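S.K.: So that we are looking at the same thing, I have put the structure below in structure tokens.
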Amino acid sequence: MITVITGASDGIGAASALDLAKRGHQLVLVGRTAAKVSAVADRVESITGSAPDALLVDYASLDDVRRLACDLLDRYERIDVLVNNAGVMTSERRVTADGHELIMQVNHLAPFLLTNLLFDRLKASSARVVTTSSRAAKTGCLDPDDLSRERRRWNGWLQYGDSKQANALFTVSLAERGLAATCLHPGVLKTGFAAGTFFMKLVTHVPGVGEPVEAGGSRIAHLASHADGAGHPGRYFVRNAPAAVPARMSDPALAEALWTASLAATTPSP
């Protein structure tokens with residue numbers, strides 16, 4: 001299986017890559033930092049005996065996402081699994097050159113764009129799309145007309161919750177359009193993600209609060225390789241099982257409104 005993993009340079013992306021390498025997947029590692037992606041590629045090669053492809057992208061640039069999509073379409077006649085895993089959380093509000101708030105662009109708009117640009121190839125391959133959401137999605141209050149929170153109070157965790165809710169709704173929309181799409185809460189993991197925040201300090205330093213990163217990687221790998229990943233389209237998983245979610249994570253009307261807003265936000269101006 002040809003499996004593309006974004007955010008593969010460290011954390012759960014790297015852990016899922018190593019897990020999937022052991023399961024025999026042909027990997028395409030996508031990350032932002034060349035040295036980090038190369039280091040993960042070396043670890044994959046030590047498992048499989050052959051070097052995986054490694055591609056670079058900066059999700060803070062939608063043009064860079066478009067370039068990545070073109071590269072993937074040129075290189076691969078089929079894509080069996082797309083893992084949308086790249087993500088960010090920052091306590092400082094930033095706006096990208098595309099005019100979008102950074103967290104929402106990196107966590108939702110960029111993977112939305114990439115998946116849509118690859119959609120026909122994914123559909124033809126009967127591919128799976130696995131998106132890393134979070135239990136923070138349950139606290140989200142997504143407004144498709146205000147994705148960057150320009151008219152509402154902003155802080156990093158509020159916007160992160162909105163972006164993770166967007167991941168769940170995007171999964172609903174992909175399933176409605178015929179793709180075997182799932183999303184998941186990977187667990188509360190001891191990673192460098194959101195480094196410096198009080199919450200992640202607790203996760204890292206208080207015994208029993210966080211799980212090892214390999215636990216999250218194995219949950220992504222489960223959906224990428226197990227029958228569950230194809231048998232429950234549109235669902236949100238926790239610990240390798242479909243889980244109940246609030247209406248705002250599964251409402252088809254809200255999912256469609258988000259799709260429309262996301263399409264407008266990622267379509268270049270004429």
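We name chains A, B, ... following the order of the structure tokens; residues begin at 1 in each chain, and ligands are numbered from 1 as shown.
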Apply DSSP to the structure's backbone, then extract all residues of segment 89-211 of chain A labelled strand (DSSP E or B) and return them as a PyMOL selection string.
M.R.: chain A and resi 95+101+128-132+180-185+189+211
S.K.: DSSP says helix (DSSP H, G or I) for which residues of segment 77-150 of chain A? Put them as an mmCIF file with C-alpha atoms, in the first residue's frame?
M.R.:
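So selection-v1.cif came out as:
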data_model
loop_
_atom_site.group_PDB
_atom_site.id
_atom_site.type_symbol
_atom_site.label_atom_id
_atom_site.label_comp_id
_atom_site.auth_asym_id
_atom_site.auth_seq_id
_atom_site.Cartn_x
_atom_site.Cartn_y
_atom_site.Cartn_z
ATOM 1 C CA LEU A 102 -2.203 30.002 11.274
ATOM 2 C CA ILE A 103 -3.751 27.234 13.403
ATOM 3 C CA MET A 104 -6.839 26.965 11.219
ATOM 4 C CA GLN A 105 -4.780 26.996 8.032
ATOM 5 C CA VAL A 106 -2.259 24.382 9.118
ATOM 6 C CA ASN A 107 -4.724 22.098 10.902
ATOM 7 C CA HIS A 108 -7.672 22.310 8.523
ATOM 8 C CA LEU A 109 -7.424 24.446 5.392
ATOM 9 C CA ALA A 110 -4.114 22.992 4.173
ATOM 10 C CA PRO A 111 -5.167 19.328 4.563
ATOM 11 C CA PHE A 112 -8.573 20.230 3.090
ATOM 12 C CA LEU A 113 -6.816 21.656 0.036
ATOM 13 C CA LEU A 114 -4.375 18.764 -0.307
ATOM 14 C CA THR A 115 -7.111 16.151 -0.023
ATOM 15 C CA ASN A 116 -9.284 17.932 -2.564
ATOM 16 C CA LEU A 117 -6.429 18.265 -5.046
ATOM 17 C CA PHE A 119 -9.476 13.610 -4.501
ATOM 18 C CA ASP A 120 -9.846 11.965 -7.916
ATOM 19 C CA ARG A 121 -6.680 9.910 -7.441
ATOM 20 C CA LEU A 122 -7.822 8.871 -3.958
ATOM 21 C CA LYS A 123 -11.293 7.940 -5.200
ATOM 22 C CA ALA A 124 -9.877 5.913 -8.092
ATOM 23 C CA ARG A 135 -10.762 15.299 21.950
ATOM 24 C CA ALA A 136 -10.352 19.091 21.914
ATOM 25 C CA ALA A 137 -12.813 18.978 19.000
ATOM 26 C CA LYS A 138 -15.590 18.474 21.545
ATOM 27 C CA THR A 139 -14.910 21.932 22.989
#
S.K.: What are the closest atom pairs, with distances in Å to one decimal, for all residues of segment 45-141 of chain A lying within 10 Å of segment 1-20 of chain A? Consider only C-alpha atoms, order rows by chain and residue number, and present the result as JSON lines.
M.R.:
{"residue": "A:Glu45", "atom": "CA", "partner": "A:Leu18", "partner_atom": "CA", "distance": 9.5}
{"residue": "A:Ser46", "atom": "CA", "partner": "A:Leu18", "partner_atom": "CA", "distance": 9.8}
{"residue": "A:Ile47", "atom": "CA", "partner": "A:Leu18", "partner_atom": "CA", "distance": 7.8}
{"residue": "A:Thr48", "atom": "CA", "partner": "A:Leu18", "partner_atom": "CA", "distance": 9.6}
{"residue": "A:Asp53", "atom": "CA", "partner": "A:Val4", "partner_atom": "CA", "distance": 9.4}
{"residue": "A:Ala54", "atom": "CA", "partner": "A:Ala8", "partner_atom": "CA", "distance": 9.2}
{"residue": "A:Leu55", "atom": "CA", "partner": "A:Thr6", "partner_atom": "CA", "distance": 9.3}
{"residue": "A:Leu56", "atom": "CA", "partner": "A:Thr6", "partner_atom": "CA", "distance": 9.4}
{"residue": "A:Val57", "atom": "CA", "partner": "A:Thr6", "partner_atom": "CA", "distance": 8.9}
{"residue": "A:Tyr59", "atom": "CA", "partner": "A:Gly7", "partner_atom": "CA", "distance": 9.8}
{"residue": "A:Leu72", "atom": "CA", "partner": "A:Val4", "partner_atom": "CA", "distance": 9.0}
{"residue": "A:Tyr76", "atom": "CA", "partner": "A:Ile2", "partner_atom": "CA", "distance": 8.4}
{"residue": "A:Glu77", "atom": "CA", "partner": "A:Ile2", "partner_atom": "CA", "distance": 9.9}
{"residue": "A:Arg78", "atom": "CA", "partner": "A:Ile2", "partner_atom": "CA", "distance": 7.4}
{"residue": "A:Ile79", "atom": "CA", "partner": "A:Ile2", "partner_atom": "CA", "distance": 5.4}
{"residue": "A:Asp80", "atom": "CA", "partner": "A:Ile2", "partner_atom": "CA", "distance": 5.2}
{"residue": "A:Val81", "atom": "CA", "partner": "A:Thr3", "partner_atom": "CA", "distance": 4.5}
{"residue": "A:Leu82", "atom": "CA", "partner": "A:Val4", "partner_atom": "CA", "distance": 4.9}
{"residue": "A:Val83", "atom": "CA", "partner": "A:Ile5", "partner_atom": "CA", "distance": 4.7}
{"residue": "A:Asn84", "atom": "CA", "partner": "A:Thr6", "partner_atom": "CA", "distance": 5.6}
{"residue": "A:Asn85", "atom": "CA", "partner": "A:Thr6", "partner_atom": "CA", "distance": 5.3}
{"residue": "A:Ala86", "atom": "CA", "partner": "A:Gly7", "partner_atom": "CA", "distance": 3.8}
{"residue": "A:Gly87", "atom": "CA", "partner": "A:Gly7", "partner_atom": "CA", "distance": 7.0}
{"residue": "A:Val88", "atom": "CA", "partner": "A:Gly7", "partner_atom": "CA", "distance": 9.8}
{"residue": "A:Pro111", "atom": "CA", "partner": "A:Thr6", "partner_atom": "CA", "distance": 8.8}
{"residue": "A:Ala127", "atom": "CA", "partner": "A:Thr3", "partner_atom": "CA", "distance": 9.3}
{"residue": "A:Arg128", "atom": "CA", "partner": "A:Thr3", "partner_atom": "CA", "distance": 9.3}
{"residue": "A:Val129", "atom": "CA", "partner": "A:Val4", "partner_atom": "CA", "distance": 9.7}
{"residue": "A:Val130", "atom": "CA", "partner": "A:Ile5", "partner_atom": "CA", "distance": 9.3}
{"residue": "A:Thr131", "atom": "CA", "partner": "A:Thr6", "partner_atom": "CA", "distance": 9.8}
{"residue": "A:Thr132", "atom": "CA", "partner": "A:Ile12", "partner_atom": "CA", "distance": 9.4}
S.K.: Which residues are close to segment 227-237 of chain A, i.e. within 9 Å by only C-alpha atoms, leaving aside same-chain residues fewer than 3 positions away? Reply as number ranges by chain.
M.R.: A: 127-130, 133, 168-176, 178-186, 219, 222-224, 240-245, 249-250
S.K.: Would you mind reading off the distance between atom CA of Gly187 of chain A and atom CA of Ser218 of chain A, one decimal, in Å?
M.R.: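 Computing it gives 10.6 Å between the two atoms.
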S.K.: Using only C-alpha atoms, determine which residues lie at most 9 Å from Ala97 of chain A, disregarding the query and same-chain residues fewer than 3 positions distant; provide the list as an mmCIF file with C-alpha atoms, in the first residue's frame.
M.R.:
data_model
loop_
_atom_site.group_PDB
_atom_site.id
_atom_site.type_symbol
_atom_site.label_atom_id
_atom_site.label_comp_id
_atom_site.auth_asym_id
_atom_site.auth_seq_id
_atom_site.Cartn_x
_atom_site.Cartn_y
_atom_site.Cartn_z
ATOM 1 C CA ALA A 60 1.614 28.002 6.196
ATOM 2 C CA SER A 61 1.674 28.453 2.405
ATOM 3 C CA LEU A 62 -1.246 27.190 0.323
ATOM 4 C CA HIS A 100 -5.794 32.979 7.346
#
S.K.: Counting only C-alpha atoms, figure out which residue out of A:Val65, A:Leu158, A:Cys141, A:Ala21 gets nearest to Asp98 of chain A.
M.R.: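 Nearest candidate to Asp98 of chain A out of A:Val65, A:Leu158, A:Cys141, A:Ala21: A:Val65.
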S.K.: Name the residues in contact with Leu147 of chain A at a cut-off of 9 Å, using only C-alpha atoms, excluding same-chain residues fewer than 6 positions from it; report them as a count of residues only.
M.R.: 9
S.K.: Point out the residue among A:Pro52, A:Gly31, A:Lys36, A:Arg152 with the least atom-to-atom distance to Asp64 of chain A, counting only C-alpha atoms.
M.R.: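 Ranked by minimum distance to Asp64 of chain A, first place goes to A:Gly31.
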S.K.: As an exercise, work out the distance from atom CA of Ala257 of chain A to atom CA of Pro144 of chain A in Å and give it to one decimal place.
M.R.: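 Rounded to one decimal, the two atoms are 6.3 Å apart.
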S.K.: Which is closer to Tyr160 of chain A than all the others in A:Glu214, A:Gly99, A:Met89, A:His226, using only C-alpha atoms?
M.R.: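 So, comparing all the options, the nearest one is A:Met89.
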